[in-house]
Structure formats: C-alpha cells, structure tokens
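Asks: The following file, upload_11.cif, comprises mmCIF, C-alpha atoms and all ligand atoms:
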```cif
data_model
loop_
_atom_site.label_atom_id
_atom_site.label_comp_id
_atom_site.auth_asym_id
_atom_site.auth_seq_id
_atom_site.Cartn_x
_atom_site.Cartn_y
_atom_site.Cartn_z
CA MET D 1 0.00 0.00 0.00
CA LYS D 2 1.42 3.39 -1.00
CA ILE D 3 0.96 6.36 1.29
CA LEU D 4 2.05 9.96 0.81
CA SER D 5 3.22 12.01 3.77
CA ILE D 6 2.75 15.76 3.27
CA ASN D 7 4.01 18.83 5.10
CA ALA D 8 2.61 21.99 3.50
CA GLY D 9 3.98 25.41 4.39
CA SER D 10 2.80 28.77 3.10
CA SER D 11 5.11 28.58 0.05
CA SER D 12 6.45 25.05 0.23
CA LEU D 13 5.31 21.45 0.08
CA LYS D 14 7.42 18.59 1.41
CA PHE D 15 6.47 15.05 0.46
CA GLN D 16 7.54 11.47 0.99
CA LEU D 17 6.00 8.37 -0.55
CA PHE D 18 6.06 5.19 1.52
CA ASN D 19 5.30 1.58 0.82
CA MET D 20 3.40 0.46 3.92
CA PRO D 21 3.51 -1.41 6.20
CA GLU D 22 7.18 -2.01 5.24
CA GLU D 23 7.83 1.73 5.75
CA LYS D 24 10.06 1.74 2.68
CA VAL D 25 10.65 5.25 1.32
CA LEU D 26 9.95 5.18 -2.43
CA CYS D 27 10.80 8.81 -3.00
CA SER D 28 10.88 12.20 -1.32
CA GLY D 29 10.97 15.79 -2.38
CA LEU D 30 10.18 19.41 -1.85
CA VAL D 31 8.44 22.12 -3.83
CA GLU D 32 9.73 25.55 -2.86
CA ARG D 33 8.67 29.13 -3.62
CA ILE D 34 5.11 28.20 -4.55
CA GLY D 35 3.41 31.31 -5.94
CA GLU D 36 6.48 32.46 -7.85
CA LEU D 37 7.48 32.28 -11.51
CA LYS D 38 10.74 30.64 -10.55
CA ALA D 39 9.49 27.99 -8.16
CA VAL D 40 11.61 24.88 -7.62
CA PHE D 41 10.50 21.26 -7.74
CA ASN D 42 13.01 18.88 -6.14
CA ILE D 43 12.53 15.14 -6.15
CA LYS D 44 14.88 12.41 -4.90
CA VAL D 45 14.63 9.13 -6.79
CA ASN D 46 16.93 6.18 -5.95
CA GLY D 47 19.19 8.54 -4.01
CA GLU D 48 19.53 10.88 -6.99
CA LYS D 49 18.23 14.44 -6.65
CA LYS D 50 16.50 16.05 -9.61
CA SER D 51 15.53 19.71 -9.71
CA GLN D 52 13.41 21.74 -12.08
CA VAL D 53 12.71 25.47 -11.97
CA GLN D 54 9.37 26.62 -13.34
CA SER D 55 6.34 28.73 -12.57
CA ILE D 56 4.15 27.15 -9.85
CA LEU D 57 1.37 29.56 -9.04
CA ASP D 58 -0.42 27.79 -6.21
CA HIS D 59 -0.52 24.65 -4.08
CA ARG D 60 -2.82 22.91 -6.54
CA GLU D 61 -0.25 23.26 -9.28
CA ALA D 62 2.41 22.05 -6.86
CA VAL D 63 0.34 18.96 -6.02
CA SER D 64 -0.26 18.19 -9.70
CA LEU D 65 3.45 18.54 -10.39
CA VAL D 66 4.36 16.17 -7.55
CA LEU D 67 1.88 13.55 -8.76
CA GLU D 68 3.02 13.91 -12.38
CA GLY D 69 6.61 13.58 -11.13
CA LEU D 70 5.81 10.28 -9.42
CA ILE D 71 4.59 8.89 -12.75
CA LYS D 72 7.28 10.56 -14.88
CA TYR D 73 10.07 9.08 -12.76
CA ASN D 74 8.40 5.63 -12.79
CA ILE D 75 7.79 5.55 -9.05
CA ILE D 76 4.16 4.68 -9.71
CA GLU D 77 2.36 3.74 -12.90
CA SER D 78 -0.94 5.42 -12.10
CA LEU D 79 -2.42 7.64 -9.40
CA ASP D 80 -4.72 4.75 -8.40
CA GLU D 81 -1.72 3.26 -6.61
CA ILE D 82 -1.83 5.99 -3.97
CA ASN D 83 -3.99 4.61 -1.16
CA GLY D 84 -3.80 7.44 1.35
CA VAL D 85 -2.38 10.88 2.05
CA GLY D 86 -1.32 12.07 5.50
CA HIS D 87 -1.06 15.78 6.23
CA ARG D 88 0.93 17.40 8.99
CA VAL D 89 -1.25 19.97 10.76
CA VAL D 90 0.50 22.11 13.34
CA GLN D 91 -2.31 23.07 15.72
CA GLY D 92 -5.07 20.65 16.70
CA GLY D 93 -6.20 22.57 19.78
CA GLU D 94 -8.39 20.71 22.28
CA ARG D 95 -10.65 19.49 19.47
CA PHE D 96 -8.20 16.93 18.06
CA LYS D 97 -6.80 14.50 20.59
CA GLU D 98 -5.76 12.08 17.85
CA SER D 99 -5.23 11.92 14.10
CA VAL D 100 -8.44 11.96 12.02
CA VAL D 101 -9.72 11.10 8.57
CA ILE D 102 -10.38 14.47 6.92
CA THR D 103 -13.94 15.52 6.11
CA GLU D 104 -15.35 18.95 5.30
CA GLU D 105 -16.30 19.28 8.99
CA VAL D 106 -12.73 18.45 10.07
CA ILE D 107 -11.40 21.16 7.74
CA GLU D 108 -13.81 23.67 9.25
CA ASP D 109 -12.62 22.72 12.73
CA ILE D 110 -8.98 23.13 11.69
CA VAL D 111 -9.77 26.53 10.17
CA ALA D 112 -11.47 27.49 13.45
CA LEU D 113 -8.07 27.03 15.13
CA ASN D 114 -6.32 29.51 12.81
CA ASP D 115 -6.12 32.14 15.54
CA LEU D 116 -3.94 29.79 17.59
CA ALA D 117 -1.53 29.08 14.70
CA PRO D 118 -1.89 31.89 12.14
CA LEU D 119 1.44 31.11 10.47
CA HIS D 120 0.89 27.38 10.06
CA ASN D 121 -2.69 26.08 9.99
CA PRO D 122 -3.87 28.09 6.95
CA ALA D 123 -0.96 26.70 4.89
CA ASN D 124 -1.71 23.16 6.10
CA VAL D 125 -5.34 23.54 5.03
CA THR D 126 -4.28 24.87 1.63
CA GLY D 127 -2.28 21.67 1.14
CA ILE D 128 -5.20 19.49 2.26
CA ARG D 129 -7.64 21.20 -0.10
CA ALA D 130 -5.23 20.92 -3.03
CA PHE D 131 -4.86 17.16 -2.52
CA MET D 132 -8.60 16.66 -2.02
CA LYS D 133 -9.22 18.34 -5.36
CA VAL D 134 -6.62 16.34 -7.24
CA LEU D 135 -7.22 12.99 -5.47
CA PRO D 136 -10.91 13.20 -4.48
CA ASN D 137 -11.33 9.47 -3.87
CA VAL D 138 -8.26 8.92 -1.72
CA VAL D 139 -8.41 8.89 2.09
CA GLN D 140 -6.77 11.98 3.58
CA VAL D 141 -5.69 12.02 7.23
CA ALA D 142 -4.69 14.95 9.43
CA VAL D 143 -1.85 14.31 11.88
CA PHE D 144 -1.39 17.07 14.44
CA ASP D 145 1.80 18.33 16.08
CA THR D 146 -0.18 18.85 19.26
CA THR D 147 -2.02 15.55 19.84
CA PHE D 148 0.87 13.67 21.44
CA HIS D 149 0.86 16.32 24.16
CA SER D 150 -2.90 16.07 24.77
CA THR D 151 -2.11 13.72 27.69
CA MET D 152 -0.62 16.60 29.71
CA LYS D 153 -2.47 17.27 32.95
CA GLU D 154 -4.04 20.62 33.82
CA ASP D 155 -1.19 21.62 36.14
CA ALA D 156 1.22 21.23 33.21
CA TYR D 157 -0.82 22.84 30.45
CA MET D 158 -2.56 25.74 32.20
CA TYR D 159 -0.99 29.17 32.45
CA ALA D 160 -1.52 31.14 35.63
CA THR D 161 -3.36 33.83 33.65
CA PRO D 162 -7.02 34.94 34.05
CA TYR D 163 -9.07 31.75 33.74
CA GLU D 164 -11.48 33.39 31.28
CA TRP D 165 -8.65 33.57 28.73
CA TYR D 166 -8.68 29.79 28.69
CA GLU D 167 -12.47 29.54 28.65
CA LYS D 168 -13.01 32.17 25.96
CA TYR D 169 -9.96 31.77 23.74
CA GLY D 170 -8.32 28.43 24.55
CA ILE D 171 -5.23 30.09 26.03
CA ARG D 172 -3.18 27.16 27.38
CA LYS D 173 -0.08 25.21 26.53
CA TYR D 174 -0.51 22.82 23.57
CA GLY D 175 3.09 21.89 22.75
CA PHE D 176 4.49 21.05 19.30
CA HIS D 177 6.86 18.61 17.54
CA GLY D 178 4.48 15.92 18.84
CA THR D 179 5.06 13.44 16.01
CA SER D 180 8.81 13.72 16.57
CA HIS D 181 8.60 13.34 20.35
CA GLN D 182 6.29 10.35 19.89
CA PHE D 183 8.44 8.65 17.25
CA VAL D 184 11.61 9.11 19.25
CA SER D 185 10.19 8.04 22.61
CA GLN D 186 8.59 4.93 21.06
CA ARG D 187 11.88 4.03 19.43
CA ALA D 188 13.79 4.58 22.70
CA SER D 189 11.35 2.23 24.45
CA GLU D 190 11.89 -0.40 21.77
CA ILE D 191 15.67 -0.10 22.02
CA LEU D 192 15.65 -0.26 25.81
CA GLY D 193 12.97 -2.98 25.86
CA ARG D 194 10.50 -1.31 28.26
CA ASN D 195 7.27 0.67 27.88
CA ASP D 196 7.26 2.18 31.38
CA LEU D 197 10.25 4.45 30.96
CA LYS D 198 10.57 8.06 32.05
CA ILE D 199 12.18 9.77 29.08
CA ILE D 200 13.19 13.35 28.31
CA VAL D 201 13.35 14.03 24.57
CA CYS D 202 15.50 16.95 23.43
CA HIS D 203 14.30 17.84 19.91
CA LEU D 204 17.00 20.34 19.00
CA GLY D 205 16.66 21.76 15.52
CA ASN D 206 16.18 25.27 14.21
CA GLY D 207 12.95 25.03 16.21
CA ALA D 208 13.59 23.21 19.47
CA SER D 209 11.52 21.70 22.25
CA ILE D 210 11.90 19.35 25.18
CA ALA D 211 9.28 16.79 26.20
CA ALA D 212 8.83 14.74 29.36
CA VAL D 213 7.42 11.35 28.39
CA ASP D 214 6.29 8.89 31.06
CA SER D 215 5.27 5.40 29.90
CA LEU D 216 4.98 6.65 26.29
CA LYS D 217 2.69 9.55 27.25
CA SER D 218 3.72 13.20 27.12
CA VAL D 219 3.36 14.74 30.58
CA ASP D 220 4.97 18.12 29.85
CA THR D 221 6.72 19.97 27.08
CA SER D 222 8.55 23.24 26.66
CA MET D 223 6.61 24.85 23.78
CA GLY D 224 3.32 26.49 24.70
CA LEU D 225 0.34 28.15 23.06
CA THR D 226 2.73 28.74 20.16
CA PRO D 227 6.19 27.42 19.29
CA LEU D 228 7.74 30.55 20.80
CA GLU D 229 7.80 29.30 24.40
CA GLY D 230 10.55 27.16 25.88
CA ILE D 231 14.28 27.05 25.20
CA PRO D 232 15.98 29.62 22.95
CA MET D 233 16.14 28.43 19.32
CA GLY D 234 17.71 29.46 16.00
CA THR D 235 15.73 32.71 15.83
CA ARG D 236 13.19 32.41 18.68
CA SER D 237 13.77 33.73 22.17
CA GLY D 238 12.06 31.00 24.15
CA ASN D 239 10.88 32.11 27.60
CA ILE D 240 11.22 35.75 28.54
CA ASP D 241 9.65 38.06 31.08
CA PRO D 242 6.59 39.31 29.12
CA ALA D 243 7.01 42.74 30.71
CA ILE D 244 10.01 43.22 28.38
CA LEU D 245 7.51 43.81 25.57
CA GLY D 246 6.06 46.82 27.38
CA VAL D 247 9.50 48.32 28.02
CA ILE D 248 10.69 47.95 24.40
CA ALA D 249 7.33 49.11 23.00
CA GLU D 250 7.71 52.30 24.97
CA LYS D 251 11.43 52.84 24.29
CA GLU D 252 11.32 52.10 20.57
CA GLY D 253 7.69 52.83 19.70
CA LYS D 254 7.26 49.34 18.25
CA ASN D 255 3.86 47.74 17.87
CA LEU D 256 3.00 44.31 19.19
CA GLN D 257 3.38 42.52 15.85
CA THR D 258 6.90 43.93 15.34
CA LEU D 259 7.86 42.91 18.86
CA LEU D 260 6.55 39.38 18.29
CA ASP D 261 8.53 39.28 15.05
CA ASP D 262 11.61 40.30 17.04
CA LEU D 263 11.01 37.38 19.41
CA ASN D 264 10.21 34.88 16.63
CA LYS D 265 12.65 35.91 13.92
CA ARG D 266 15.42 38.01 15.42
CA SER D 267 16.18 36.38 18.76
CA GLY D 268 17.72 33.09 19.92
CA TYR D 269 21.12 32.18 18.43
CA LEU D 270 20.72 34.91 15.81
CA GLY D 271 19.70 37.69 18.18
CA VAL D 272 22.31 37.05 20.84
CA SER D 273 25.26 36.21 18.56
CA GLY D 274 24.46 38.77 15.86
CA ILE D 275 25.94 36.23 13.43
CA SER D 276 23.63 33.37 12.50
CA ASN D 277 20.69 31.17 13.43
CA ASP D 278 22.63 28.06 12.40
CA SER D 279 24.22 26.01 15.16
CA ARG D 280 27.23 25.16 12.96
CA ASP D 281 28.09 28.87 12.64
CA ILE D 282 27.53 29.39 16.35
CA VAL D 283 29.80 26.49 17.32
CA ASP D 284 32.49 27.40 14.75
CA ASN D 285 32.59 30.99 15.96
CA MET D 286 32.55 29.98 19.60
CA LEU D 287 35.60 27.79 18.96
CA LEU D 288 37.28 30.86 17.43
CA GLY D 289 36.57 32.79 20.64
CA HIS D 290 33.61 34.91 19.44
CA LYS D 291 32.09 36.28 22.65
CA ARG D 292 28.45 36.64 21.67
CA ALA D 293 28.35 33.33 19.77
CA THR D 294 29.68 31.71 22.95
CA LEU D 295 27.02 33.45 25.00
CA ALA D 296 24.21 32.40 22.63
CA TYR D 297 25.45 28.82 22.90
CA LYS D 298 25.79 28.87 26.68
CA ILE D 299 22.35 30.37 27.26
CA GLN D 300 20.78 27.55 25.26
CA ILE D 301 22.70 24.83 27.10
CA LYS D 302 21.69 26.30 30.47
CA ARG D 303 18.02 26.49 29.50
CA ILE D 304 18.01 22.91 28.21
CA ALA D 305 19.55 21.79 31.51
CA ASP D 306 16.90 23.79 33.41
CA TYR D 307 14.14 21.84 31.65
CA ILE D 308 15.82 18.49 32.17
CA GLY D 309 16.13 19.22 35.91
CA SER D 310 12.54 20.36 36.11
CA TYR D 311 11.17 17.32 34.24
CA TYR D 312 13.30 14.95 36.31
CA VAL D 313 11.61 16.35 39.40
CA TYR D 314 8.12 16.41 37.80
CA MET D 315 8.36 12.78 36.66
CA LYS D 316 10.03 11.76 39.94
CA GLY D 317 12.90 10.08 38.15
CA LEU D 318 14.49 9.61 34.76
CA ASP D 319 15.53 6.56 32.74
CA ALA D 320 16.70 8.12 29.49
CA ILE D 321 17.58 11.37 27.74
CA VAL D 322 17.20 11.26 23.97
CA PHE D 323 18.68 13.73 21.48
CA THR D 324 17.11 14.24 18.08
CA ALA D 325 16.66 16.69 15.12
CA GLY D 326 19.36 18.65 13.24
CA ILE D 327 21.45 19.72 16.24
CA GLY D 328 20.55 16.83 18.55
CA GLU D 329 21.54 14.27 15.91
CA ASN D 330 24.58 15.99 14.46
CA ALA D 331 26.32 18.11 17.10
CA PRO D 332 28.29 15.95 19.61
CA ILE D 333 29.55 19.09 21.36
CA VAL D 334 26.00 20.13 22.26
CA ARG D 335 25.27 16.67 23.68
CA THR D 336 28.50 16.74 25.69
CA ASP D 337 27.73 20.15 27.17
CA VAL D 338 24.07 19.37 27.96
CA ILE D 339 25.01 16.14 29.71
CA GLU D 340 27.81 17.88 31.58
CA ALA D 341 25.31 20.50 32.74
CA VAL D 342 23.03 17.79 34.23
CA SER D 343 25.83 15.53 35.52
CA VAL D 344 24.45 15.87 39.05
CA LEU D 345 21.79 13.35 37.94
CA GLY D 346 24.50 10.70 37.63
CA VAL D 347 24.38 10.71 33.86
CA LYS D 348 27.66 10.06 32.02
CA LEU D 349 28.52 10.16 28.33
CA ASP D 350 30.83 7.74 26.58
CA GLU D 351 32.73 10.33 24.54
CA GLU D 352 33.76 7.82 21.87
CA LYS D 353 30.20 6.68 21.29
CA ASN D 354 29.09 10.30 21.31
CA GLU D 355 31.15 10.86 18.16
CA LEU D 356 29.33 8.09 16.24
CA ARG D 357 26.68 8.97 13.68
CA GLY D 358 23.11 7.68 13.56
CA GLU D 359 21.10 5.81 16.17
CA ASN D 360 23.17 4.91 19.24
CA ILE D 361 23.20 4.58 23.00
CA ILE D 362 25.94 7.05 23.96
CA SER D 363 26.02 6.82 27.77
CA THR D 364 28.58 4.77 29.75
CA GLU D 365 27.63 1.39 31.23
CA ASP D 366 27.54 2.85 34.76
CA SER D 367 25.51 5.97 33.85
CA LYS D 368 22.37 6.19 36.03
CA VAL D 369 20.43 7.57 33.07
CA LYS D 370 20.78 6.20 29.54
CA VAL D 371 21.54 8.72 26.81
CA LEU D 372 20.52 8.00 23.22
CA VAL D 373 20.70 9.63 19.83
CA ILE D 374 17.71 8.73 17.67
CA PRO D 375 17.21 10.35 14.25
CA THR D 376 13.65 11.60 14.11
CA ASP D 377 11.24 10.64 11.35
CA GLU D 378 8.06 12.69 11.39
CA GLU D 379 7.13 11.55 7.87
CA VAL D 380 6.99 7.86 8.74
CA MET D 381 4.93 8.67 11.82
CA ILE D 382 2.39 10.42 9.56
CA ALA D 383 2.35 7.44 7.15
CA ARG D 384 1.79 5.07 10.11
CA GLU D 385 -1.22 7.09 11.20
CA VAL D 386 -2.74 6.95 7.71
CA PHE D 387 -2.11 3.21 7.57
CA ARG D 388 -3.74 2.76 11.03
CA LEU D 389 -6.84 4.80 10.14
CA LYS D 390 -7.40 3.57 6.61
P1 LIG T 1 16.34 20.98 11.82
O1 LIG T 1 15.46 22.15 12.12
O2 LIG T 1 15.99 19.75 12.60
O3 LIG T 1 16.51 20.71 10.36
O4 LIG T 1 17.80 21.38 12.33
C1 LIG T 1 18.50 22.50 11.84
C2 LIG T 1 19.70 22.76 12.74
O5 LIG T 1 20.54 21.59 12.75
C3 LIG T 1 20.57 23.93 12.28
O6 LIG T 1 20.85 24.79 13.38
C4 LIG T 1 21.85 23.24 11.82
O7 LIG T 1 22.97 24.01 12.08
C5 LIG T 1 21.89 21.98 12.66
N1 LIG T 1 22.72 20.99 11.99
C6 LIG T 1 22.44 20.33 10.85
N2 LIG T 1 23.49 19.53 10.50
C7 LIG T 1 24.44 19.72 11.43
C8 LIG T 1 25.76 19.20 11.65
N3 LIG T 1 26.30 18.32 10.80
N4 LIG T 1 26.43 19.63 12.74
C9 LIG T 1 25.89 20.51 13.58
N5 LIG T 1 24.65 21.03 13.45
C10 LIG T 1 23.94 20.64 12.40
#
```
What does the file become when written as structure tokens?
Replies:
Amino acid sequence: MKILSINAGSSSLKFQLFNMPEEKVLCSGLVERIGELKAVFNIKVNGEKKSQVQSILDHREAVSLVLEGLIKYNIIESLDEINGVGHRVVQGGERFKESVVITEEVIEDIVALNDLAPLHNPANVTGIRAFMKVLPNVVQVAVFDTTFHSTMKEDAYMYATPYEWYEKYGIRKYGFHGTSHQFVSQRASEILGRNDLKIIVCHLGNGASIAAVDSLKSVDTSMGLTPLEGIPMGTRSGNIDPAILGVIAEKEGKNLQTLLDDLNKRSGYLGVSGISNDSRDIVDNMLLGHKRATLAYKIQIKRIADYIGSYYVYMKGLDAIVFTAGIGENAPIVRTDVIEAVSVLGVKLDEEKNELRGENIISTEDSKVKVLVIPTDEEVMIAREVFRLK
C-alpha cells in the first residue's frame, strides 16, 4: 500500500511516498517558492536528486506537479496506486486529541483554530484542499503536532493567567513537535525494551523543544500556546519576562506585531550572537573565541539543563535522555555540554560513542540515566497514522 506524507507550508510542500507497512521510502521531495514564476521542484529518486525550476502559481499546481513527477520518474504507474495521504497539521487545539480522517467538517474545525496558529494552519489547510481536489477518492488524514501532548495534565498545560482567557480563547499550553517526540520516545522504548520508561526528549533543531514522556505519554513539554515558548532556538527567544515587551514598545515605539517578530525571527542564536541562526556557525565561531556566539550557545545549554532538571523532578525520576533533530543528531559538542550541565543526575557520556553517527546509546555502562541519539522521522509517523486509520 502506497501512502504519501505531506508537510505543506505557506510557500512550500514537502512530500515522501512510503510503501506500507514495510515503511520503505519510495521517493521524497520538496516544492519551494510556490506562488512564484521561478518555483523549484526537487525530487529524490533512488538517491539521486532532480531539480526543475518553473512557474508554480499555487498549491494545486504544486500537487499536480508532484503527482506527475511520481509517474514521470516511474515511481508509480498510475495515481490509483496511492492509497492514502497524510497531512501534517501544526495546531489541533483541544478538538483533536488524535489523528483523524479528513472531512469537510474536520477542515472547518482546523480553520477554526487559525487564531492559535496563524502562520501554520492556513498553509496546512491549503495543502489538504489541493490534494482533495486532485485525489478526491483517496483517504486523507490529518496528523497534528499537538495531539501527542494532549495527555498533559491541567497543572502542566494551564498558564496562571485569568481563567477566562482559557475559557473564551483556549489560552493554554498545547506543545508542538508531537510526532517527533512520539516517534523518538517509542523508538527509545523499543531499544531499551520497556514501555514504562521516564524519558526526556530533546528535539534540537532550528525550532527546538523538550518533552517529558512517562510510559509513552507526554506529561509536559517546553513549547506552549505557540512554538515561541521554551528554550531559545535558531531565531526564537524561548521564555522571557513578558514585561520586556512593554519596556521595548515604549522605548522604541514598536507595535506588538513587530515585537513578536523580534522574538520569533530576530532572537535566539541569531539575536544574541548577531551572526547566524545556524548552530554550525555558532559552534564554529565559539571555537574561534567569538564572545556573543559563545554566550548564545551557553544560554541555550543552560536552558536545556533547566528543563531536564525540572522534568526529572516532575516525573520523579528519569531513565533516558534522547537527542534528536538537526542539532541533537549531528552536534556531539552540544550533547557533551548538555550532559555535563546535568551531571548531578549521575548521567555520564561515553565520549567515543558520542562521536558516532546515527542511532546509538551514547552513555557509559555505569551511567544512572541512559543517553541515546535517535534520528527523528516525522514523515513515517504520519504514514503510520494513515495506515492505522485507513
Ligand atoms: P532541523 O530544524 O531539525 O533541520 O535542524 C536545523 C539545525 O541543525 C541547524 O541549526 C543546523 O545548524 C543543525 N545541523 C544540521 N546539521 C548539522 C551538523 N552536521 N552539525 C551541527 N549542526 C547541524
């Protein structure tokens, strides 16, 4: 059975085609700059990347191009071979506590959540509608970034703000990167051979979040109502004192939207270092003695350690710390420094294993807490959900 996994952004569309249940990737690709005359269609077939530049005016054209590409490159013979399409949807609010088969009513409910994710949900819906038009008889499933965290208890997800904000507008913590946290914690449980583990997942990419997972259920996570809360990231500030907004608004005459842009796009690694949002640039410059790159790096390590300590206490123990995503998977120095910062928990890294690539247990035999690196795979998680619901 062939299933497409889709992640639609406002001007991009990422796709992966799986043969299920074997979970074999048949091809993957990305359409970028949708809406422009020089849009780019990238597709990877048998490890070989092919690119074509052409006008792609909207998501529907992008979807048609992807489907034509699958036939043109002999990945499928006809569109009838596609048995299901899974769509990543960022915000599922309280309405969606699990993945769902998409109907018109489901789309309306996703649209109703636009206020909570104005940058993401509208683009996700555009992708869904485009596929429904082009493949009207194929099952489409929505897989939400938030559902894995729907097991958080009230004390973890409520803010100490006026209660009516929650009642009227749904102001609470939802958490994100759920498919990644779920994939990685399930895999860690398989590797360690137990389902009752207390795990802290550090998803460290350009966006970054930490999750506390007890017996395969998320009990807390660092992102909040939006992906801005939590640890500092490539360009996002993570937690700050909200009163800062008032001070800067007054000093610089900035409006709220500009201030939120500052926190979302001009903070984190980029804002502190003044150099880059990319961890490779931050680490390289730190090693050359750049003061603000070093500071940006150190702030993030401290904040990650703060969350690990807090979740260790909240879960009343800890069996494993797992690193994943671009930085978590590829930057041994970050893993070394995070583990050093929480060494009071009796966790010890095997520095040789820490240098290995791919999936590995990287703690020493006598470490009280296991440390693992597990490459995340949000696409396969989406395909699994389609396969389960079909
Ligand atoms: P993601 O958002 O998961 O794609 O992760 C992006 C982040 O991963 C960027 O900050 C990259 O600098 C970082 N990253 C990717 N590859 C490497 C690498 N080989 N070494 C260090 N960091 C990396």
Asks: What lies within 12 Å of Val31 in chain D using only C-alpha atoms, ignoring chain neighbours under 3 positions off, as a PyMOL selection string?
Replies: chain D and resi 6-16+28+34-36+38-44+50-67+69+127
Asks: Check which residues fall inside 9 Å of ligand LIG 1 (chain T) when counting all atoms listed in the file, and print them as a JSON list (two decimals) with C-alpha atoms, keeping the file's coordinate frame.
Replies:
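The resulting file, result-v6.json, is reproduced below:
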```
[["chain", "number", "residue", "atom", "x", "y", "z"],
["D", 203, "HIS", "CA", 14.30, 17.84, 19.91],
["D", 204, "LEU", "CA", 17.00, 20.34, 19.00],
["D", 205, "GLY", "CA", 16.66, 21.76, 15.52],
["D", 206, "ASN", "CA", 16.18, 25.27, 14.21],
["D", 207, "GLY", "CA", 12.95, 25.03, 16.21],
["D", 208, "ALA", "CA", 13.59, 23.21, 19.47],
["D", 233, "MET", "CA", 16.14, 28.43, 19.32],
["D", 234, "GLY", "CA", 17.71, 29.46, 16.00],
["D", 269, "TYR", "CA", 21.12, 32.18, 18.43],
["D", 277, "ASN", "CA", 20.69, 31.17, 13.43],
["D", 278, "ASP", "CA", 22.63, 28.06, 12.40],
["D", 279, "SER", "CA", 24.22, 26.01, 15.16],
["D", 280, "ARG", "CA", 27.23, 25.16, 12.96],
["D", 281, "ASP", "CA", 28.09, 28.87, 12.64],
["D", 282, "ILE", "CA", 27.53, 29.39, 16.35],
["D", 283, "VAL", "CA", 29.80, 26.49, 17.32],
["D", 324, "THR", "CA", 17.11, 14.24, 18.08],
["D", 325, "ALA", "CA", 16.66, 16.69, 15.12],
["D", 326, "GLY", "CA", 19.36, 18.65, 13.24],
["D", 327, "ILE", "CA", 21.45, 19.72, 16.24],
["D", 328, "GLY", "CA", 20.55, 16.83, 18.55],
["D", 329, "GLU", "CA", 21.54, 14.27, 15.91],
["D", 330, "ASN", "CA", 24.58, 15.99, 14.46],
["D", 331, "ALA", "CA", 26.32, 18.11, 17.10],
["D", 332, "PRO", "CA", 28.29, 15.95, 19.61],
["D", 333, "ILE", "CA", 29.55, 19.09, 21.36],
["D", 334, "VAL", "CA", 26.00, 20.13, 22.26],
["D", 376, "THR", "CA", 13.65, 11.60, 14.11]]
```
Asks: Hey, what's within 12 Å of Val138 in chain D if we count all atoms listed in the file and toss same-chain stuff fewer than 3 positions away? As a compact mmCIF listing (two decimals) with C-alpha atoms, keeping the file's coordinate frame, please?
Replies:
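Saved file selection-v3.txt follows:
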```txt
# COMPACT_ATOMS: atom_id res chain seq x y z
CA LYS D 2 1.42 3.39 -1.00
CA ILE D 3 0.96 6.36 1.29
CA LEU D 4 2.05 9.96 0.81
CA LEU D 79 -2.42 7.64 -9.40
CA ASP D 80 -4.72 4.75 -8.40
CA GLU D 81 -1.72 3.26 -6.61
CA ILE D 82 -1.83 5.99 -3.97
CA ASN D 83 -3.99 4.61 -1.16
CA GLY D 84 -3.80 7.44 1.35
CA VAL D 85 -2.38 10.88 2.05
CA GLY D 86 -1.32 12.07 5.50
CA VAL D 101 -9.72 11.10 8.57
CA ILE D 102 -10.38 14.47 6.92
CA THR D 103 -13.94 15.52 6.11
CA ILE D 128 -5.20 19.49 2.26
CA PHE D 131 -4.86 17.16 -2.52
CA MET D 132 -8.60 16.66 -2.02
CA LYS D 133 -9.22 18.34 -5.36
CA VAL D 134 -6.62 16.34 -7.24
CA LEU D 135 -7.22 12.99 -5.47
CA VAL D 141 -5.69 12.02 7.23
CA VAL D 386 -2.74 6.95 7.71
CA LYS D 390 -7.40 3.57 6.61
```
Asks: What is the CA of Ala160 in chain D-CA of Ile308 in chain D distance in Å, reported with one decimal?
Replies: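 Interatomic distance, CA of Ala160 in chain D to CA of Ile308 in chain D: 21.7 Å.
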Asks: Residues of range 294-346 of chain D that approach range 194-201 of chain D to 9 Å or less, counting only C-alpha atoms: could you list each one with the shortest pair of atoms and its distance in Å to one decimal, rows by chain and increasing residue number, as a tab-separated table?
Replies:
```
residue	atom	partner	partner_atom	distance
D:Ile308	CA	D:Ile200	CA	6.9
D:Tyr311	CA	D:Ile200	CA	7.4
D:Tyr312	CA	D:Ile200	CA	8.2
D:Met315	CA	D:Lys198	CA	7.0
D:Lys316	CA	D:Lys198	CA	8.7
D:Gly317	CA	D:Lys198	CA	6.8
D:Leu318	CA	D:Lys198	CA	5.0
D:Asp319	CA	D:Lys198	CA	5.2
D:Ala320	CA	D:Ile199	CA	4.8
D:Ile321	CA	D:Ile200	CA	4.8
D:Val322	CA	D:Val201	CA	4.8
D:Phe323	CA	D:Val201	CA	6.2
D:Thr324	CA	D:Val201	CA	7.5
```
Asks: Using Å and a single decimal, report how far CA of Val369 in chain D sits from CA of Glu351 in chain D.
Replies: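 These two atoms are separated by 15.2 Å.
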Asks: Just want the 9 Å neighbourhood of Lys353 in chain D, counted on all atoms listed in the file, with same-chain residues fewer than 5 positions away dropped. Output as an MDAnalysis selection string.
Replies: chainID D and resid 360:364
Asks: Enter the distance from CA of Gln300 in chain D to CA of Leu288 in chain D, in Å, rounded to one decimal.
Replies: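 According to the coordinates, CA of Gln300 in chain D and CA of Leu288 in chain D are separated by 18.6 Å.
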